[in-house]
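Visitor: Right, I'll just put the structure down here and ask away after.
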Amino acid sequence: MSNTKIKEIAASRSAFATRVVGSERLLVPVKGDMSEFNAMLTLNPSATLLWDHIDQETDVSTLTEVLVDNFEVNEETARKDVMDFINVLHEHITSNS
């Protein structure tokens with residue numbers, strides 16, 4: 001199910017403009033029904049890295065590896081962080097589309 005959510009997020013990427021402010025990236029909805037979305041999403045450095053790696057071919061294991069390789073985090077914690085990120089972002093995208 002999570003890999004399906006990743007594909008849906010990847011398909012929605014073009015509905016966002018991104019802006020970097022300090023160490024955070026802002027996702028601003030700009031297309032279609034997403035423009036009705038009433039809040040920007042703020043991504044911290046790890047969420048920014050995940051966002052940059054999401055595409056139609058990405059899966060939970062790949063994103064987990066990305067976090068383990070780039071941050072001092074074990075695989076279990078990285079996987080939980082990936083799942084939390086996917087679920088929150090997917091909820092925002094699907095509830096506002």
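Note on naming: chains are A, B, ... as they come in the structure tokens, residues start from 1 per chain, ligands start from 1 in the order shown.
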Using DSSP on the backbone, list every residue of chain A that comes out as strand (DSSP E), and give them as a ChimeraX atom specification.
Guide: /A:16-21,24-29,41-43
Visitor: Write a file of the just-selected residues containing N, CA and C atoms, as a CSV table (one decimal), in the first residue's frame.
Guide:
```csv
chain,number,residue,atom,x,y,z
A,16,PHE,N,3.1,21.1,-7.4
A,16,PHE,CA,3.7,21.9,-6.3
A,16,PHE,C,4.8,22.7,-6.9
A,17,ALA,N,4.9,23.9,-6.5
A,17,ALA,CA,6.1,24.7,-6.6
A,17,ALA,C,6.9,24.6,-5.4
A,18,THR,N,8.2,24.6,-5.5
A,18,THR,CA,9.1,24.4,-4.3
A,18,THR,C,9.9,25.7,-4.1
A,19,ARG,N,10.1,26.0,-2.8
A,19,ARG,CA,11.0,27.2,-2.5
A,19,ARG,C,11.8,26.8,-1.3
A,20,VAL,N,13.1,27.1,-1.3
A,20,VAL,CA,14.0,26.8,-0.2
A,20,VAL,C,14.1,28.0,0.7
A,21,VAL,N,13.8,27.9,2.0
A,21,VAL,CA,13.9,29.0,2.9
A,21,VAL,C,14.8,28.4,4.1
A,24,GLU,N,14.9,24.6,5.2
A,24,GLU,CA,13.6,23.9,4.9
A,24,GLU,C,13.2,24.2,3.5
A,25,ARG,N,12.4,23.3,2.9
A,25,ARG,CA,11.8,23.5,1.6
A,25,ARG,C,10.3,23.6,1.8
A,26,LEU,N,9.7,24.6,1.2
A,26,LEU,CA,8.3,24.8,1.2
A,26,LEU,C,7.7,24.2,-0.1
A,27,LEU,N,6.6,23.5,0.1
A,27,LEU,CA,5.8,23.0,-1.1
A,27,LEU,C,4.6,23.8,-1.1
A,28,VAL,N,4.4,24.4,-2.3
A,28,VAL,CA,3.2,25.3,-2.4
A,28,VAL,C,2.4,24.8,-3.6
A,29,PRO,N,1.1,24.4,-3.3
A,29,PRO,CA,0.3,23.9,-4.4
A,29,PRO,C,0.0,25.0,-5.4
A,41,LEU,N,3.2,23.2,2.7
A,41,LEU,CA,3.9,22.1,3.5
A,41,LEU,C,5.4,22.5,3.7
A,42,THR,N,5.9,22.4,4.9
A,42,THR,CA,7.2,22.7,5.2
A,42,THR,C,8.0,21.4,5.4
A,43,LEU,N,9.1,21.2,4.6
A,43,LEU,CA,9.9,20.0,4.7
A,43,LEU,C,11.2,20.3,5.4
```
Visitor: Tell me, as a PyMOL selection string, which residues lie within 9 Å of Val66 of chain A, counting only C-alpha atoms; anything in the same chain fewer than 5 positions away does not count.
Guide: chain A and resi 49-50+53+61+71+78
Visitor: Now that the selection is made, can you save its residues with N, CA and C atoms as a CSV table (one decimal), in the first residue's frame?
Guide:
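Ended up saving to again30.csv:
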```
chain,number,residue,atom,x,y,z
A,49,LEU,N,15.1,15.6,1.4
A,49,LEU,CA,15.8,14.5,0.7
A,49,LEU,C,14.8,13.5,0.2
A,50,LEU,N,13.9,13.1,1.0
A,50,LEU,CA,12.9,12.1,0.5
A,50,LEU,C,12.1,12.6,-0.7
A,53,HIS,N,13.8,12.3,-3.9
A,53,HIS,CA,14.0,11.0,-4.4
A,53,HIS,C,12.7,10.3,-4.8
A,61,SER,N,11.8,0.8,0.5
A,61,SER,CA,13.1,0.4,0.8
A,61,SER,C,14.2,1.3,0.3
A,71,PHE,N,21.9,10.2,6.9
A,71,PHE,CA,21.8,10.7,8.3
A,71,PHE,C,22.2,9.6,9.2
A,78,ALA,N,14.7,4.9,10.3
A,78,ALA,CA,14.5,5.5,9.0
A,78,ALA,C,13.2,5.0,8.3
```
Visitor: Work out how far apart atom CA of Leu67 of chain A and atom CA of Ser12 of chain A are and give it in Å to one decimal.
Guide: 22.1 Å
Visitor: At a cut-off of 12 Å, using only C-alpha atoms, what residues contact segment 79-91 of chain A? Leave out same-chain residues fewer than 6 positions from it and give the result as a PyMOL selection string.
Guide: chain A and resi 1-13+27+37+40-44+46-51+53-54+58-68+71+73+97
Visitor: Mind dumping the selected residues with N, CA and C atoms as a short mmCIF file (atom, residue, chain, number, x, y, z; two decimals), in the first residue's frame?
Guide:
```cif
data_model
loop_
_atom_site.label_atom_id
_atom_site.label_comp_id
_atom_site.auth_asym_id
_atom_site.auth_seq_id
_atom_site.Cartn_x
_atom_site.Cartn_y
_atom_site.Cartn_z
N MET A 1 0.82 -1.20 0.00
CA MET A 1 0.00 0.00 0.00
C MET A 1 0.86 1.27 0.00
N SER A 2 1.95 1.27 0.76
CA SER A 2 2.80 2.46 0.83
C SER A 2 3.47 2.75 -0.50
N ASN A 3 3.85 1.70 -1.24
CA ASN A 3 4.46 1.93 -2.55
C ASN A 3 3.45 2.54 -3.51
N THR A 4 2.17 2.19 -3.36
CA THR A 4 1.12 2.81 -4.16
C THR A 4 1.00 4.29 -3.80
N LYS A 5 1.08 4.59 -2.53
CA LYS A 5 1.03 5.99 -2.09
C LYS A 5 2.20 6.78 -2.67
N ILE A 6 3.37 6.17 -2.72
CA ILE A 6 4.54 6.85 -3.28
C ILE A 6 4.28 7.19 -4.75
N LYS A 7 3.72 6.26 -5.49
CA LYS A 7 3.41 6.51 -6.90
C LYS A 7 2.41 7.66 -7.05
N GLU A 8 1.42 7.71 -6.18
CA GLU A 8 0.44 8.81 -6.22
C GLU A 8 1.10 10.14 -5.88
N ILE A 9 2.00 10.13 -4.92
CA ILE A 9 2.73 11.35 -4.57
C ILE A 9 3.60 11.78 -5.76
N ALA A 10 4.29 10.83 -6.37
CA ALA A 10 5.14 11.14 -7.52
C ALA A 10 4.32 11.75 -8.65
N ALA A 11 3.14 11.23 -8.87
CA ALA A 11 2.27 11.75 -9.93
C ALA A 11 1.78 13.16 -9.61
N SER A 12 1.79 13.55 -8.35
CA SER A 12 1.30 14.87 -7.93
C SER A 12 2.41 15.91 -7.79
N ARG A 13 3.65 15.51 -7.98
CA ARG A 13 4.78 16.43 -7.77
C ARG A 13 4.65 17.71 -8.58
N LEU A 27 6.62 23.47 0.07
CA LEU A 27 5.85 22.96 -1.06
C LEU A 27 4.58 23.78 -1.14
N PHE A 37 -5.76 24.03 -1.89
CA PHE A 37 -5.08 23.59 -0.67
C PHE A 37 -4.73 24.82 0.14
N MET A 40 0.74 25.67 2.99
CA MET A 40 1.98 25.17 2.42
C MET A 40 2.45 24.01 3.30
N LEU A 41 3.24 23.15 2.71
CA LEU A 41 3.90 22.11 3.48
C LEU A 41 5.35 22.52 3.67
N THR A 42 5.85 22.38 4.87
CA THR A 42 7.24 22.69 5.16
C THR A 42 8.00 21.39 5.38
N LEU A 43 9.08 21.22 4.63
CA LEU A 43 9.88 20.00 4.73
C LEU A 43 11.20 20.31 5.42
N ASN A 44 11.54 19.51 6.41
CA ASN A 44 12.85 19.63 7.05
C ASN A 44 13.89 18.96 6.14
N SER A 46 15.54 16.11 6.16
CA SER A 46 15.32 14.70 5.79
C SER A 46 14.10 14.55 4.88
N ALA A 47 13.04 15.30 5.14
CA ALA A 47 11.86 15.24 4.27
C ALA A 47 12.18 15.81 2.89
N THR A 48 13.02 16.84 2.83
CA THR A 48 13.44 17.38 1.55
C THR A 48 14.18 16.33 0.73
N LEU A 49 15.06 15.60 1.39
CA LEU A 49 15.81 14.54 0.71
C LEU A 49 14.85 13.47 0.18
N LEU A 50 13.87 13.09 0.99
CA LEU A 50 12.89 12.10 0.54
C LEU A 50 12.11 12.63 -0.65
N TRP A 51 11.64 13.88 -0.57
CA TRP A 51 10.88 14.49 -1.67
C TRP A 51 11.70 14.45 -2.97
N HIS A 53 13.83 12.34 -3.88
CA HIS A 53 14.04 10.97 -4.37
C HIS A 53 12.74 10.27 -4.78
N ILE A 54 11.62 10.91 -4.62
CA ILE A 54 10.35 10.26 -4.98
C ILE A 54 10.11 10.37 -6.48
N THR A 58 10.33 4.69 -7.23
CA THR A 58 10.80 4.66 -5.85
C THR A 58 9.91 3.78 -4.99
N ASP A 59 10.52 3.10 -4.03
CA ASP A 59 9.75 2.32 -3.07
C ASP A 59 10.24 2.63 -1.65
N VAL A 60 9.55 2.07 -0.67
CA VAL A 60 9.86 2.34 0.74
C VAL A 60 11.31 1.94 1.05
N SER A 61 11.76 0.82 0.53
CA SER A 61 13.12 0.36 0.81
C SER A 61 14.16 1.35 0.30
N THR A 62 13.95 1.88 -0.89
CA THR A 62 14.88 2.84 -1.46
C THR A 62 14.93 4.11 -0.62
N LEU A 63 13.77 4.61 -0.22
CA LEU A 63 13.74 5.83 0.60
C LEU A 63 14.37 5.58 1.97
N THR A 64 14.18 4.39 2.52
CA THR A 64 14.80 4.05 3.79
C THR A 64 16.32 4.08 3.65
N GLU A 65 16.83 3.50 2.57
CA GLU A 65 18.28 3.51 2.30
C GLU A 65 18.80 4.93 2.19
N VAL A 66 18.05 5.79 1.54
CA VAL A 66 18.45 7.19 1.37
C VAL A 66 18.68 7.84 2.74
N LEU A 67 17.75 7.63 3.66
CA LEU A 67 17.91 8.22 4.99
C LEU A 67 19.09 7.61 5.74
N VAL A 68 19.22 6.28 5.69
CA VAL A 68 20.32 5.61 6.39
C VAL A 68 21.67 6.10 5.84
N PHE A 71 21.93 10.22 6.89
CA PHE A 71 21.75 10.70 8.26
C PHE A 71 22.21 9.60 9.23
N VAL A 73 21.11 7.45 11.35
CA VAL A 73 19.86 6.83 11.77
C VAL A 73 19.91 5.35 11.40
N SER A 97 -7.33 17.05 -3.26
CA SER A 97 -7.39 16.91 -4.73
C SER A 97 -8.80 16.72 -5.19
#
```
Visitor: Step one, run DSSP on the backbone; step two, keep only residues of chain A assigned to alpha helix (DSSP H); then write them as an MDAnalysis selection string.
Guide: chainID A and resid 2:12 45:53 60:70 75:95
Visitor: So that I have them on file, write out the residues from the current selection with C-alpha atoms, as a compact mmCIF listing (two decimals), in the first residue's frame.
Guide:
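Saved to result-v2.txt:
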```
# COMPACT_ATOMS: atom_id res chain seq x y z
CA SER A 2 2.80 2.46 0.83
CA ASN A 3 4.46 1.93 -2.55
CA THR A 4 1.12 2.81 -4.16
CA LYS A 5 1.03 5.99 -2.09
CA ILE A 6 4.54 6.85 -3.28
CA LYS A 7 3.41 6.51 -6.90
CA GLU A 8 0.44 8.81 -6.22
CA ILE A 9 2.73 11.35 -4.57
CA ALA A 10 5.14 11.14 -7.52
CA ALA A 11 2.27 11.75 -9.93
CA SER A 12 1.30 14.87 -7.93
CA PRO A 45 16.19 18.41 5.62
CA SER A 46 15.32 14.70 5.79
CA ALA A 47 11.86 15.24 4.27
CA THR A 48 13.44 17.38 1.55
CA LEU A 49 15.81 14.54 0.71
CA LEU A 50 12.89 12.10 0.54
CA TRP A 51 10.88 14.49 -1.67
CA ASP A 52 13.85 14.77 -4.04
CA HIS A 53 14.04 10.97 -4.37
CA VAL A 60 9.86 2.34 0.74
CA SER A 61 13.12 0.36 0.81
CA THR A 62 14.88 2.84 -1.46
CA LEU A 63 13.74 5.83 0.60
CA THR A 64 14.80 4.05 3.79
CA GLU A 65 18.28 3.51 2.30
CA VAL A 66 18.45 7.19 1.37
CA LEU A 67 17.91 8.22 4.99
CA VAL A 68 20.32 5.61 6.39
CA ASP A 69 23.00 6.69 3.90
CA ASN A 70 22.61 10.42 4.57
CA GLU A 75 17.17 1.23 9.43
CA GLU A 76 14.19 0.77 11.77
CA THR A 77 14.00 4.48 12.60
CA ALA A 78 14.53 5.47 8.97
CA ARG A 79 11.73 3.16 7.81
CA LYS A 80 9.35 4.62 10.41
CA ASP A 81 10.29 8.15 9.31
CA VAL A 82 9.70 7.22 5.66
CA MET A 83 6.30 5.74 6.46
CA ASP A 84 5.30 8.80 8.50
CA PHE A 85 6.41 11.12 5.68
CA ILE A 86 4.56 9.14 3.02
CA ASN A 87 1.36 8.94 5.07
CA VAL A 88 1.29 12.64 5.96
CA LEU A 89 2.11 13.82 2.45
CA HIS A 90 -0.34 11.39 0.85
CA GLU A 91 -3.09 12.49 3.23
CA HIS A 92 -2.52 16.15 2.29
CA ILE A 93 -2.51 15.37 -1.42
CA THR A 94 -5.57 13.13 -1.44
CA SER A 95 -7.66 15.26 0.90
```
